[in-house]
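**Student:** Handing over my_file-v5.cif, mmCIF, C-alpha atoms.
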```cif
data_data
#
loop_
_atom_site.label_atom_id
_atom_site.label_comp_id
_atom_site.auth_asym_id
_atom_site.auth_seq_id
_atom_site.Cartn_x
_atom_site.Cartn_y
_atom_site.Cartn_z
CA MET A 1 220.04 111.89 130.17
CA THR A 2 217.80 114.97 130.47
CA GLU A 3 215.20 115.44 133.17
CA SER A 4 212.38 115.14 130.63
CA SER A 5 213.69 111.89 129.20
CA ARG A 6 214.02 110.46 132.74
CA ASP A 7 210.39 111.45 133.42
CA SER A 8 209.35 109.82 130.19
CA ALA A 9 211.18 106.61 131.08
CA ARG A 10 209.60 106.59 134.54
CA GLU A 11 206.14 107.09 133.02
CA LYS A 12 206.77 104.29 130.56
CA ALA A 13 207.95 101.97 133.32
CA ALA A 14 204.91 102.86 135.44
CA SER A 15 202.67 102.25 132.47
CA LEU A 16 204.25 98.85 131.85
CA ARG A 17 203.87 97.94 135.52
CA ALA A 18 200.21 99.03 135.45
CA GLU A 19 199.63 97.01 132.29
CA ALA A 20 201.26 93.94 133.85
CA ALA A 21 199.19 94.37 137.01
CA ARG A 22 196.03 94.68 134.91
CA ARG A 23 196.84 91.52 132.98
CA ASP A 24 197.56 89.73 136.23
CA ARG A 25 194.25 90.89 137.67
CA GLN A 26 192.44 89.81 134.52
CA ARG A 27 194.07 86.39 134.69
CA ARG A 28 192.94 85.92 138.31
CA GLN A 29 189.41 87.09 137.49
CA LEU A 30 189.24 84.74 134.50
CA VAL A 31 190.28 81.83 136.70
CA VAL A 32 187.57 82.72 139.25
CA ALA A 33 184.92 83.17 136.54
CA GLY A 34 185.96 79.96 134.78
CA THR A 35 185.83 78.04 138.06
CA GLY A 36 182.38 79.41 138.77
CA LEU A 37 181.07 78.48 135.33
CA VAL A 38 182.52 74.97 135.55
CA LEU A 39 180.98 74.62 139.00
CA VAL A 40 177.57 75.52 137.61
CA ILE A 41 177.95 72.87 134.89
CA VAL A 42 179.00 70.25 137.47
CA ILE A 43 176.02 71.11 139.71
CA ALA A 44 173.66 70.89 136.74
CA VAL A 45 175.04 67.51 135.66
CA VAL A 46 174.84 66.11 139.21
CA ALA A 47 171.24 67.35 139.56
CA ILE A 48 170.24 65.75 136.26
CA VAL A 49 171.87 62.45 137.22
CA VAL A 50 170.19 62.46 140.65
CA ALA A 51 166.82 63.33 139.09
CA SER A 52 167.11 60.65 136.42
CA ARG A 53 167.91 58.05 139.06
CA SER A 54 164.91 59.03 141.10
CA SER A 55 161.28 58.66 140.13
CA THR A 56 160.29 59.87 136.72
CA PRO A 57 156.75 59.70 135.42
CA GLY A 58 156.20 56.73 133.20
CA THR A 59 158.62 54.52 135.03
CA GLN A 60 158.02 52.29 137.96
CA SER A 61 161.49 52.50 139.48
CA THR A 62 161.55 54.66 142.56
CA THR A 63 163.73 55.44 145.50
CA ALA A 64 162.62 55.35 149.08
CA ALA A 65 162.50 59.13 149.16
CA ASP A 66 160.28 59.30 146.07
CA SER A 67 157.89 56.80 147.58
CA ALA A 68 157.74 58.51 150.95
CA PHE A 69 154.35 59.98 150.12
CA ILE A 70 152.91 56.48 149.76
CA GLY A 71 153.50 55.92 153.46
CA LYS A 72 151.40 59.02 154.13
CA MET A 73 148.52 58.04 151.86
CA THR A 74 148.25 54.67 153.61
CA THR A 75 148.39 56.06 157.15
CA VAL A 76 145.79 58.78 157.26
CA PRO A 77 144.69 59.05 160.91
CA ALA A 78 141.25 57.61 161.69
CA ALA A 79 140.39 60.90 163.37
CA VAL A 80 140.87 62.69 160.05
CA TYR A 81 138.58 60.26 158.23
CA ASP A 82 136.00 60.73 160.98
CA LYS A 83 136.26 64.49 160.81
CA VAL A 84 135.80 64.53 157.01
CA GLY A 85 132.91 62.06 157.12
CA ALA A 86 130.70 61.57 154.08
CA PRO A 87 130.87 63.44 150.78
CA ALA A 88 128.67 66.53 150.61
CA THR A 89 126.68 64.83 147.87
CA ALA A 90 126.43 61.11 147.22
CA SER A 91 128.74 60.04 144.42
CA ALA A 92 126.93 59.40 141.15
CA THR A 93 129.65 56.96 140.13
CA ILE A 94 128.57 54.33 142.70
CA LEU A 95 125.85 52.17 141.22
CA LYS A 96 123.76 49.56 142.94
CA VAL A 97 123.89 46.21 141.14
CA PRO A 98 120.72 44.31 142.10
CA SER A 99 122.02 40.97 140.84
CA GLY A 100 125.61 41.72 141.69
CA GLN A 101 127.60 38.81 143.04
CA ILE A 102 130.19 39.15 145.77
CA LEU A 103 133.37 37.59 144.43
CA THR A 104 135.55 35.60 146.81
CA LYS A 105 139.17 34.60 146.97
CA ASP A 106 140.87 32.48 149.64
CA GLY A 107 137.60 32.49 151.56
CA LYS A 108 137.47 36.27 151.68
CA PRO A 109 135.23 38.69 149.80
CA ARG A 110 137.07 40.15 146.84
CA VAL A 111 137.18 43.71 145.49
CA VAL A 112 138.31 44.11 141.88
CA TYR A 113 139.64 47.27 140.30
CA VAL A 114 140.16 47.75 136.57
CA GLY A 115 141.91 50.88 135.32
CA ALA A 116 144.81 52.12 133.26
CA GLU A 117 147.85 54.22 134.01
CA PHE A 118 147.08 56.85 131.35
CA CYS A 119 143.60 57.47 132.76
CA PRO A 120 143.25 60.63 134.92
CA PHE A 121 140.08 59.46 136.65
CA CYS A 122 141.83 56.22 137.62
CA ALA A 123 144.67 58.35 138.98
CA GLY A 124 142.26 60.27 141.19
CA GLU A 125 140.37 57.19 142.32
CA ARG A 126 143.53 55.29 143.36
CA TRP A 127 144.24 57.82 146.14
CA ALA A 128 140.91 57.04 147.78
CA LEU A 129 141.04 53.33 147.04
CA VAL A 130 144.50 52.91 148.52
CA GLY A 131 143.66 55.08 151.51
CA ALA A 132 140.54 53.04 152.25
CA LEU A 133 141.98 49.58 151.65
CA ALA A 134 145.02 50.42 153.77
CA ARG A 135 142.62 50.46 156.73
CA PHE A 136 141.81 46.77 156.10
CA GLY A 137 145.20 45.43 155.08
CA THR A 138 148.67 46.20 153.77
CA PHE A 139 149.92 47.26 150.36
CA THR A 140 153.42 46.57 149.11
CA GLY A 141 154.92 47.49 145.76
CA LEU A 142 152.86 50.60 145.09
CA ALA A 143 154.85 52.93 142.85
CA PRO A 144 154.43 56.57 141.86
CA THR A 145 153.19 57.36 138.40
CA ARG A 146 151.02 59.92 136.66
CA SER A 147 148.20 59.84 134.21
CA ALA A 148 149.22 60.58 130.62
CA ALA A 149 151.14 63.83 130.25
CA ASN A 150 148.52 65.10 127.81
CA ASP A 151 145.66 63.81 129.94
CA GLY A 152 145.88 65.61 133.24
CA ASN A 153 149.31 64.36 134.32
CA ILE A 154 147.62 63.55 137.63
CA PRO A 155 150.04 62.25 140.29
CA THR A 156 149.06 58.86 141.65
CA VAL A 157 150.31 55.34 142.29
CA THR A 158 150.11 52.33 140.04
CA PHE A 159 148.92 48.91 141.14
CA VAL A 160 150.96 47.08 138.48
CA LYS A 161 153.57 45.59 140.80
CA SER A 162 151.63 45.89 144.03
CA THR A 163 150.34 43.18 146.30
CA TYR A 164 147.69 43.51 148.95
CA THR A 165 147.25 41.35 152.02
CA SER A 166 144.39 41.48 154.48
CA ASP A 167 142.70 39.17 156.94
CA VAL A 168 139.24 40.27 155.91
CA ILE A 169 139.27 41.22 152.22
CA ALA A 170 140.99 40.28 148.96
CA PHE A 171 141.85 42.91 146.39
CA ASP A 172 142.84 42.43 142.76
CA ALA A 173 143.81 45.34 140.53
CA TYR A 174 144.43 45.39 136.80
CA GLU A 175 146.05 48.25 134.91
CA THR A 176 145.21 47.44 131.30
CA GLN A 177 147.42 50.09 129.66
CA ASP A 178 150.45 52.15 130.63
CA ARG A 179 150.84 55.93 130.48
CA ASN A 180 151.50 55.74 126.78
CA HIS A 181 148.42 53.66 126.04
CA GLN A 182 150.48 50.53 125.52
CA PRO A 183 149.00 47.21 126.71
CA LEU A 184 150.02 46.38 130.25
CA GLN A 185 147.97 43.76 132.11
CA THR A 186 145.42 41.35 130.67
CA LEU A 187 142.13 40.82 132.44
CA PRO A 188 141.33 37.24 133.46
CA ASP A 189 138.29 35.75 131.76
CA ASP A 190 136.01 36.01 134.79
CA ILE A 191 136.70 39.72 135.17
CA THR A 192 136.28 40.29 131.44
CA ARG A 193 132.88 38.61 131.62
CA LEU A 194 131.94 40.70 134.65
CA ILE A 195 132.99 44.05 133.20
CA THR A 196 131.44 43.23 129.82
CA ARG A 197 128.14 42.48 131.50
CA TYR A 198 127.93 45.18 134.13
CA ASP A 199 129.99 48.08 132.75
CA ALA A 200 127.42 48.32 129.99
CA PRO A 201 123.71 49.13 129.55
CA PRO A 202 121.35 48.80 131.31
CA TYR A 203 123.67 49.20 134.30
CA VAL A 204 125.46 52.23 132.84
CA SER A 205 124.56 54.58 130.02
CA ALA A 206 125.51 53.48 126.52
CA SER A 207 128.09 56.26 126.27
CA SER A 208 129.81 54.96 129.42
CA THR A 209 130.10 51.37 128.25
CA GLY A 210 133.45 49.95 129.34
CA ALA A 211 134.36 53.12 131.25
CA ILE A 212 137.25 53.01 133.70
CA PRO A 213 138.09 53.12 136.51
CA TRP A 214 135.71 50.30 137.27
CA THR A 215 135.62 48.89 140.77
CA TRP A 216 133.54 45.86 141.63
CA PHE A 217 132.31 45.31 145.15
CA GLY A 218 129.40 42.99 144.32
CA PRO A 219 126.40 44.85 145.66
CA TRP A 220 127.85 47.96 144.00
CA GLN A 221 130.10 48.88 141.14
CA THR A 222 131.88 52.19 140.88
CA VAL A 223 132.19 53.43 137.31
CA GLY A 224 134.41 56.48 137.13
CA SER A 225 136.11 58.39 139.89
CA SER A 226 134.39 59.44 143.08
CA VAL A 227 137.21 61.95 143.63
CA ASP A 228 136.75 65.38 142.07
CA LEU A 229 139.66 65.88 139.66
CA THR A 230 139.34 69.66 139.63
CA ASN A 231 141.01 69.55 143.04
CA PHE A 232 144.12 68.17 141.32
CA THR A 233 144.09 70.58 138.40
CA GLY A 234 142.72 73.76 139.93
CA GLY A 235 140.19 73.75 137.13
CA GLY A 236 142.89 73.65 134.47
CA SER A 237 143.84 70.88 132.13
CA THR A 238 146.77 69.47 134.04
CA ALA A 239 147.76 68.72 137.61
CA THR A 240 148.94 71.58 139.78
CA VAL A 241 149.73 69.46 142.82
CA THR A 242 152.62 67.18 143.68
CA PHE A 243 152.59 63.68 145.15
CA ASP A 244 153.60 65.12 148.51
CA GLN A 245 150.93 67.79 148.42
CA VAL A 246 148.17 65.28 147.71
CA ALA A 247 149.39 62.97 150.47
CA ALA A 248 149.63 65.92 152.87
CA ALA A 249 146.09 66.98 151.95
CA MET A 250 144.87 63.45 152.71
CA GLN A 251 146.67 63.49 156.04
CA SER A 252 145.06 66.76 157.04
CA GLY A 253 141.67 66.26 155.38
CA SER A 254 141.96 69.81 154.14
CA ARG A 255 139.07 71.37 152.30
CA GLY A 256 139.02 70.62 148.60
CA LEU A 257 141.57 68.01 147.65
CA GLY A 258 142.08 66.31 151.03
CA ALA A 259 138.40 66.22 151.97
CA SER A 260 137.41 64.99 148.51
CA ILE A 261 139.79 62.02 148.69
CA ASP A 262 139.15 61.20 152.35
CA ALA A 263 135.37 61.34 151.94
CA ALA A 264 135.61 59.05 148.89
CA ALA A 265 137.83 56.72 150.94
CA ASN A 266 135.18 56.64 153.67
CA VAL A 267 132.59 55.58 151.09
CA ILE A 268 134.88 52.82 149.80
CA SER A 269 135.51 51.70 153.39
CA ALA A 270 131.74 51.58 153.95
CA GLN A 271 131.36 49.35 150.87
CA VAL A 272 134.16 47.06 152.05
CA CYS A 273 132.59 46.87 155.51
CA GLN A 274 129.39 45.59 153.89
CA LEU A 275 131.44 42.76 152.34
CA THR A 276 133.41 41.91 155.48
CA GLY A 277 130.38 41.89 157.74
CA GLY A 278 131.60 44.88 159.66
CA LYS A 279 135.18 43.74 160.22
CA PRO A 280 137.33 45.23 161.55
CA ALA A 281 134.96 46.91 163.94
CA GLN A 282 137.20 49.88 164.70
CA VAL A 283 137.01 50.84 161.04
CA CYS A 284 133.43 49.82 160.27
CA THR A 285 131.89 51.48 163.30
CA SER A 286 133.95 54.65 162.99
CA ALA A 287 132.06 57.90 162.59
CA GLY A 288 133.45 58.62 159.12
CA VAL A 289 132.60 55.22 157.69
CA THR A 290 129.11 55.04 159.19
CA ALA A 291 128.36 58.53 157.90
CA ALA A 292 129.58 57.51 154.44
CA ALA A 293 127.57 54.27 154.53
CA ALA A 294 124.39 56.34 154.70
CA THR A 295 125.16 57.77 151.26
CA LEU A 296 125.44 54.40 149.50
CA PRO A 297 122.68 53.63 147.02
CA ARG A 298 120.21 51.06 148.42
CA MET B 299 186.99 107.82 130.43
CA THR B 300 186.73 105.28 127.63
CA VAL B 301 186.29 101.53 127.76
CA GLU B 302 187.83 99.07 125.33
CA ARG B 303 185.80 95.92 124.92
CA PRO B 304 186.72 92.68 123.15
CA ARG B 305 185.42 93.00 119.59
CA TRP B 306 183.27 89.88 119.89
CA LEU B 307 181.53 90.97 123.08
CA ALA B 308 178.71 93.21 121.82
CA PRO B 309 177.58 91.11 118.81
CA LEU B 310 177.84 87.79 120.66
CA SER B 311 176.04 88.95 123.79
CA LEU B 312 173.32 90.69 121.78
CA THR B 313 172.76 87.57 119.65
CA LEU B 314 172.40 85.38 122.74
CA ALA B 315 170.11 87.89 124.41
CA LEU B 316 167.93 88.04 121.30
CA VAL B 317 167.68 84.23 121.21
CA ALA B 318 166.50 84.25 124.82
CA LEU B 319 164.11 87.10 124.06
CA LEU B 320 162.56 85.31 121.07
CA VAL B 321 161.95 82.13 123.08
CA SER B 322 160.56 84.18 125.98
CA VAL B 323 158.17 85.95 123.62
CA TYR B 324 157.03 82.54 122.35
CA LEU B 325 156.51 81.18 125.87
CA SER B 326 154.60 84.32 126.88
CA TYR B 327 152.42 84.01 123.78
CA GLU B 328 151.74 80.41 124.71
CA HIS B 329 150.78 81.47 128.20
CA LEU B 330 148.39 84.08 126.79
CA THR B 331 146.80 81.52 124.48
CA ALA B 332 146.52 78.88 127.23
CA ASN B 333 149.26 76.77 125.60
CA ALA B 334 147.03 76.17 122.60
CA THR B 335 149.87 75.94 120.09
CA LEU B 336 152.80 74.90 122.25
CA ALA B 337 155.19 73.05 119.97
CA CYS B 338 157.29 70.93 122.25
CA PRO B 339 158.37 67.32 121.93
CA SER B 340 156.70 65.24 124.62
CA THR B 341 158.83 62.20 125.28
CA GLU B 342 158.43 59.99 128.25
CA GLY B 343 160.36 57.05 129.49
CA PRO B 344 163.23 55.94 131.63
CA GLY B 345 165.84 58.61 131.96
CA GLY B 346 163.78 61.65 131.36
CA VAL B 347 160.62 63.40 130.49
CA SER B 348 160.16 66.28 128.16
CA SER B 349 156.82 67.99 128.35
CA CYS B 350 156.46 71.74 128.02
CA LEU B 351 152.75 71.58 128.82
CA THR B 352 153.38 69.82 132.12
CA VAL B 353 155.86 72.49 133.15
CA THR B 354 154.11 75.58 131.84
CA THR B 355 150.81 74.66 133.45
CA SER B 356 152.26 73.45 136.74
CA ALA B 357 152.03 75.16 140.11
CA TRP B 358 155.63 76.30 139.58
CA SER B 359 154.73 78.26 136.45
CA LEU B 360 153.68 81.11 138.74
CA VAL B 361 155.86 83.03 141.18
CA PHE B 362 153.86 85.15 143.63
CA GLY B 363 150.99 84.93 141.16
CA VAL B 364 153.08 86.20 138.26
CA PRO B 365 153.55 83.79 135.34
CA VAL B 366 157.19 82.76 135.01
CA ALA B 367 156.83 83.26 131.25
CA TYR B 368 156.20 86.98 131.78
CA LEU B 369 159.05 87.25 134.27
CA GLY B 370 161.31 85.66 131.66
CA LEU B 371 160.10 88.09 129.03
CA GLY B 372 160.79 91.08 131.26
CA PHE B 373 164.19 89.70 132.18
CA THR B 374 165.29 89.10 128.60
CA LEU B 375 164.00 92.50 127.47
CA VAL B 376 166.23 94.23 130.02
CA VAL B 377 169.15 91.93 129.13
CA VAL B 378 168.78 92.80 125.43
CA ALA B 379 168.79 96.48 126.30
CA LEU B 380 171.95 96.06 128.39
CA CYS B 381 173.68 94.16 125.59
CA LEU B 382 173.10 96.75 122.87
CA PRO B 383 176.42 97.98 121.36
CA ARG B 384 175.60 101.52 122.42
CA VAL B 385 175.21 100.41 126.04
CA TRP B 386 178.40 98.35 125.89
CA ARG B 387 180.24 101.56 124.94
CA MET B 388 179.06 103.29 128.11
CA PRO B 389 182.09 103.69 130.39
CA ASP B 390 180.00 103.91 133.57
CA PRO B 391 181.05 100.87 135.66
CA ARG B 392 177.58 100.75 137.24
CA VAL B 393 176.18 99.53 133.91
CA ASP B 394 178.61 96.60 133.99
CA VAL B 395 177.64 95.81 137.58
CA ALA B 396 173.93 95.98 136.70
CA ARG B 397 174.38 93.70 133.67
CA LEU B 398 176.38 91.11 135.55
CA GLY B 399 174.13 91.34 138.61
CA LEU B 400 170.98 90.88 136.54
CA LEU B 401 172.41 87.85 134.75
CA GLY B 402 173.63 86.41 138.07
CA ALA B 403 170.16 86.82 139.56
CA GLY B 404 168.75 85.30 136.39
CA LEU B 405 170.98 82.26 136.77
CA LEU B 406 169.87 81.81 140.39
CA PHE B 407 166.26 81.87 139.21
CA VAL B 408 167.20 79.34 136.53
CA PHE B 409 168.56 77.09 139.32
CA TYR B 410 165.19 77.33 141.09
CA LEU B 411 163.25 76.53 137.92
CA VAL B 412 165.47 73.59 136.97
CA TRP B 413 165.16 72.23 140.52
CA ALA B 414 161.36 72.47 140.23
CA GLU B 415 161.43 70.74 136.84
CA LEU B 416 163.71 67.91 137.95
CA PHE B 417 162.47 67.26 141.46
CA ARG B 418 158.93 68.60 141.69
CA ILE B 419 157.30 68.65 138.27
CA HIS B 420 159.28 65.69 136.96
CA ALA B 421 159.21 67.09 133.46
CA ILE B 422 161.47 69.25 131.35
CA CYS B 423 160.25 72.13 129.22
CA THR B 424 162.48 72.20 126.14
CA TRP B 425 161.83 75.84 125.30
CA CYS B 426 162.44 76.90 128.91
CA THR B 427 165.70 74.96 128.80
CA VAL B 428 166.79 76.99 125.76
CA VAL B 429 166.35 80.16 127.82
CA HIS B 430 168.14 78.59 130.80
CA ILE B 431 171.16 77.51 128.76
CA THR B 432 171.28 80.81 126.88
CA THR B 433 171.21 82.70 130.19
CA PHE B 434 174.10 80.61 131.48
CA ILE B 435 176.20 81.07 128.33
CA LEU B 436 175.36 84.78 128.27
CA LEU B 437 176.52 85.16 131.86
CA GLY B 438 179.81 83.49 130.93
CA VAL B 439 180.25 85.66 127.83
CA VAL B 440 179.44 88.87 129.72
CA ALA B 441 181.66 87.93 132.67
CA VAL B 442 184.66 87.14 130.46
CA GLY B 443 183.98 90.14 128.24
CA GLN B 444 183.81 92.51 131.18
CA ILE B 445 186.97 91.06 132.70
CA LEU B 446 188.82 91.59 129.43
CA SER B 447 187.49 95.13 129.06
CA VAL B 448 189.95 97.93 129.72
CA ARG B 449 189.03 101.32 131.02
CA ARG B 450 191.27 104.18 130.01
CA ALA B 451 191.30 107.72 131.27
CA GLY B 452 190.82 110.38 128.62
CA VAL B 453 188.29 111.84 126.28
CA GLU B 454 186.41 109.54 123.99
CA SER B 455 187.38 110.33 120.39
#
```
Take the structure I supplied and represent it as C-alpha cells, if you would.

**Tutor:**
Amino acid sequence: MTESSRDSAREKAASLRAEAARRDRQRRQLVVAGTGLVLVIVIAVVAIVVASRSSTPGTQSTTAADSAFIGKMTTVPAAVYDKVGAPATASATILKVPSGQILTKDGKPRVVYVGAEFCPFCAGERWALVGALARFGTFTGLAPTRSAANDGNIPTVTFVKSTYTSDVIAFDAYETQDRNHQPLQTLPDDITRLITRYDAPPYVSASSTGAIPWTWFGPWQTVGSSVDLTNFTGGGSTATVTFDQVAAAMQSGSRGLGASIDAAANVISAQVCQLTGGKPAQVCTSAGVTAAAATLPR
Amino acid sequence: MTVERPRWLAPLSLTLALVALLVSVYLSYEHLTANATLACPSTEGPGGVSSCLTVTTSAWSLVFGVPVAYLGLGFTLVVVALCLPRVWRMPDPRVDVARLGLLGAGLLFVFYLVWAELFRIHAICTWCTVVHITTFILLGVVAVGQILSVRRAGVES
C-alpha cells in the first residue's frame, strides 16, 4: 500500500468517525428536544385540567382557593369603612318611597334584592351589598361569577345558592336570569307585586321601569347600582380587574374602585341600621355609617 | 462554510410563521379598531370559556403599557424574516441561535399569556391560541431542523 493510499484510508476512516459522532450528537439532541416538547405539552394539559376544575365564569362550582376573595369582601375592617365614609355625592339610585312598607321575616326586618347574573350593574352592586350585610350577619354559599361576557364581564358573586343569617336582619336575594340570559330563579308573588308597583312610574322614570338591580329596604328602594362601574372597566367596555383585585381594593378602601364600593356599602349599612333600630351599635354608630346616613334621601 | 438543511425545514417553518403573522395582523387590527369586528366564538359553560373580547380587553392585554397584540405582531414579523429560505441558507451559527432563542423567548411569553387566560382572565382567546400553538409547533420544527442541519467546511457552490 502506498503512502498516499494509506493517507486516503485514514482520512476516510476519520470522516466516517466524524459522521458517526455527528449522528450520535444529533440523536442525543433530538432526544433532549423531544423531551422538552413533550414536557411543554404535559404542562399545558395539566394547566388546562387544573383551570377547568377551578372556577370558570358561568359556573357556580368553585374551589376554596377560587373563593378566597369572598372571605376578603366580607371582612373589610371597620376602620377602612370609617376612613372611606360617605360617597362624594349622594347616590341617585337610592329613592325614598313615602308609602314604602318594611317587610319582615321571622320577626326581623327584611331586605330584598332582585337582580340577574348577566347584569353588570348587579355585579357591581353585589360587592357593596355583600360587604355591608356581612357586618350584620353571615353569608354562606356565595360563589364567584361574572356579568355576561359581552356585557362588562364584571367579576362578582352570585346569590343563587347563598344563605344569609343574622340576628337583626333578614335578607332574600333573587337572581332571575343566569349569565346567558336563561331563567334562573322565580320571584315569589309578594315580591313581584312589590317590584311591579314600585320599580315603575311614578317612583322611577318610565324608561327605568323594571330596572335591576332592585333592592328594597322599605323606606327606600335602590334602583340600579350605587357603585361606579367605570372603576371595574377603566372606562372601557369590559372588566379590567380580577376578583382578587376588587376584594383587595375593598380591603384597603383605595381611591376609585375600593372607595366606591366601601362608600356604597356604608350607605347600605346606614339603610339597614334604620330598619334594625340602630343594631348592632358598633356598626350603626360607626363614623362611616353615620356619615353615609346623612346622604340618604329624606 | 456551507450548511445543509432538511428539505422540509424552510417551507414548513415559513408557512407556520406566516400563519402566526396573519393572525397577529388580525389581532393588531382588532386592537386598533377597538375590537369592533372581532370574530371569535364566545362559548361559556362548564369546562371552559372562549371569549376573545374578554381576553383582548383585559388588564393582561397590555405589557408595560404595550398592547400584547402589537408585541405579537413584532415577534411574528421577526420570526418570518428569520424563516425565509435565504436566511436559512446563511451558514452563520449566530442566526440559528437568534432564531431558536427568539422562539424560546416567545414560548415563555406564551406560557405567561396562557397562565393569565386560564387563571386570571378565566377566558380563552381562540385567535391568540392559534398564535400560541403555532409558536410551539414552530419552535419544535426549528429545533429539530437545526439539529438535523449539517455544517460543512468549504466554499458554497

**Student:** Could you tell me, as a count of residues only, exactly which residues end up selected when the PyMOL selection byres ((chain A and resi 125-142) around 9) is applied to this structure?

**Tutor:** 53

**Student:** Would you translate the PyMOL selection byres ((chain B and resi 311) around 10) into the concrete set of residues it matches in this file, as an mmCIF file with C-alpha atoms, in the coordinates of the input?

**Tutor:**
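Here's the written file expr.cif:
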```cif
data_model
loop_
_atom_site.group_PDB
_atom_site.id
_atom_site.type_symbol
_atom_site.label_atom_id
_atom_site.label_comp_id
_atom_site.auth_asym_id
_atom_site.auth_seq_id
_atom_site.Cartn_x
_atom_site.Cartn_y
_atom_site.Cartn_z
ATOM 1 C CA TRP B 306 183.270 89.880 119.890
ATOM 2 C CA LEU B 307 181.530 90.970 123.080
ATOM 3 C CA ALA B 308 178.710 93.210 121.820
ATOM 4 C CA PRO B 309 177.580 91.110 118.810
ATOM 5 C CA LEU B 310 177.840 87.790 120.660
ATOM 6 C CA LEU B 312 173.320 90.690 121.780
ATOM 7 C CA THR B 313 172.760 87.570 119.650
ATOM 8 C CA LEU B 314 172.400 85.380 122.740
ATOM 9 C CA ALA B 315 170.110 87.890 124.410
ATOM 10 C CA LEU B 316 167.930 88.040 121.300
ATOM 11 C CA VAL B 317 167.680 84.230 121.210
ATOM 12 C CA VAL B 377 169.150 91.930 129.130
ATOM 13 C CA VAL B 378 168.780 92.800 125.430
ATOM 14 C CA LEU B 380 171.950 96.060 128.390
ATOM 15 C CA CYS B 381 173.680 94.160 125.590
ATOM 16 C CA LEU B 382 173.100 96.750 122.870
ATOM 17 C CA PRO B 383 176.420 97.980 121.360
ATOM 18 C CA TRP B 386 178.400 98.350 125.890
ATOM 19 C CA THR B 432 171.280 80.810 126.880
ATOM 20 C CA ILE B 435 176.200 81.070 128.330
ATOM 21 C CA LEU B 436 175.360 84.780 128.270
ATOM 22 C CA LEU B 437 176.520 85.160 131.860
ATOM 23 C CA GLY B 438 179.810 83.490 130.930
ATOM 24 C CA VAL B 439 180.250 85.660 127.830
ATOM 25 C CA VAL B 440 179.440 88.870 129.720
ATOM 26 C CA GLY B 443 183.980 90.140 128.240
#
```

**Student:** Applied to this file, what does the PyMOL selection byres ((chain A and resi 287) around 10) return in terms of residues, put as an mmCIF file with C-alpha atoms, in the coordinates of the input?

**Tutor:**
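Contents of the output file part_3.cif:
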```
data_model
loop_
_atom_site.group_PDB
_atom_site.id
_atom_site.type_symbol
_atom_site.label_atom_id
_atom_site.label_comp_id
_atom_site.auth_asym_id
_atom_site.auth_seq_id
_atom_site.Cartn_x
_atom_site.Cartn_y
_atom_site.Cartn_z
ATOM 1 C CA ALA A 78 141.250 57.610 161.690
ATOM 2 C CA ALA A 79 140.390 60.900 163.370
ATOM 3 C CA TYR A 81 138.580 60.260 158.230
ATOM 4 C CA ASP A 82 136.000 60.730 160.980
ATOM 5 C CA LYS A 83 136.260 64.490 160.810
ATOM 6 C CA VAL A 84 135.800 64.530 157.010
ATOM 7 C CA GLY A 85 132.910 62.060 157.120
ATOM 8 C CA ALA A 86 130.700 61.570 154.080
ATOM 9 C CA ASN A 266 135.180 56.640 153.670
ATOM 10 C CA GLN A 282 137.200 49.880 164.700
ATOM 11 C CA VAL A 283 137.010 50.840 161.040
ATOM 12 C CA CYS A 284 133.430 49.820 160.270
ATOM 13 C CA THR A 285 131.890 51.480 163.300
ATOM 14 C CA SER A 286 133.950 54.650 162.990
ATOM 15 C CA GLY A 288 133.450 58.620 159.120
ATOM 16 C CA VAL A 289 132.600 55.220 157.690
ATOM 17 C CA THR A 290 129.110 55.040 159.190
ATOM 18 C CA ALA A 291 128.360 58.530 157.900
ATOM 19 C CA ALA A 292 129.580 57.510 154.440
ATOM 20 C CA ALA A 293 127.570 54.270 154.530
#
```

**Student:** Could you check which of A:Leu39, A:Ala44, A:Val97, A:Ala259 is closest to chain B, using all atoms listed in the file?

**Tutor:**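 With all atoms listed in the file as the atom set, the closest residue is A:Ala44.
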
**Student:** Using all atoms listed in the file, find all polymer residues with an atom at most 8 Å away from the point (127.2, 44.8, 144.6); report them as number ranges by chain.

**Tutor:** A: 96-102, 216-221

**Student:** How many Å separate CA of Leu229 in chain A from CA of Arg298 in chain A?

**Tutor:**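 Separating CA of Leu229 in chain A from CA of Arg298 in chain A is a distance of 26.0 Å.
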
**Student:** For a quick check of understanding, using all atoms listed in the file, which of A:Gly235, A:Pro201, A:Gly71, A:Gly107 has the smallest distance to chain B?

**Tutor:**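 With all atoms listed in the file as the atom set, the closest residue is A:Gly235.
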
**Student:** Step by step, gather every atom of range 311-314 of chain B that the file lists, find the box along x, y and z that holds them, add 8 Å on each side, and finally give centre and edge lengths in Å to one decimal, as AutoDock Vina command-line options.

**Tutor:**
```
--center_x 174.2 --center_y 88.0 --center_z 121.7 --size_x 19.6 --size_y 21.3 --size_z 20.1
```

**Student:** Can you work out which one of B:Val395, B:Val429, B:Leu406, B:Val385 has the shortest atom-to-atom distance to chain A, counting all atoms listed in the file?

**Tutor:** B:Leu406

**Student:** Record the distance separating CA of Thr230 in chain A and CA of Pro155 in chain A, expressed in Å with one decimal.

**Tutor:**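 Atom-to-atom, CA of Thr230 in chain A and CA of Pro155 in chain A are spaced 13.0 Å apart.
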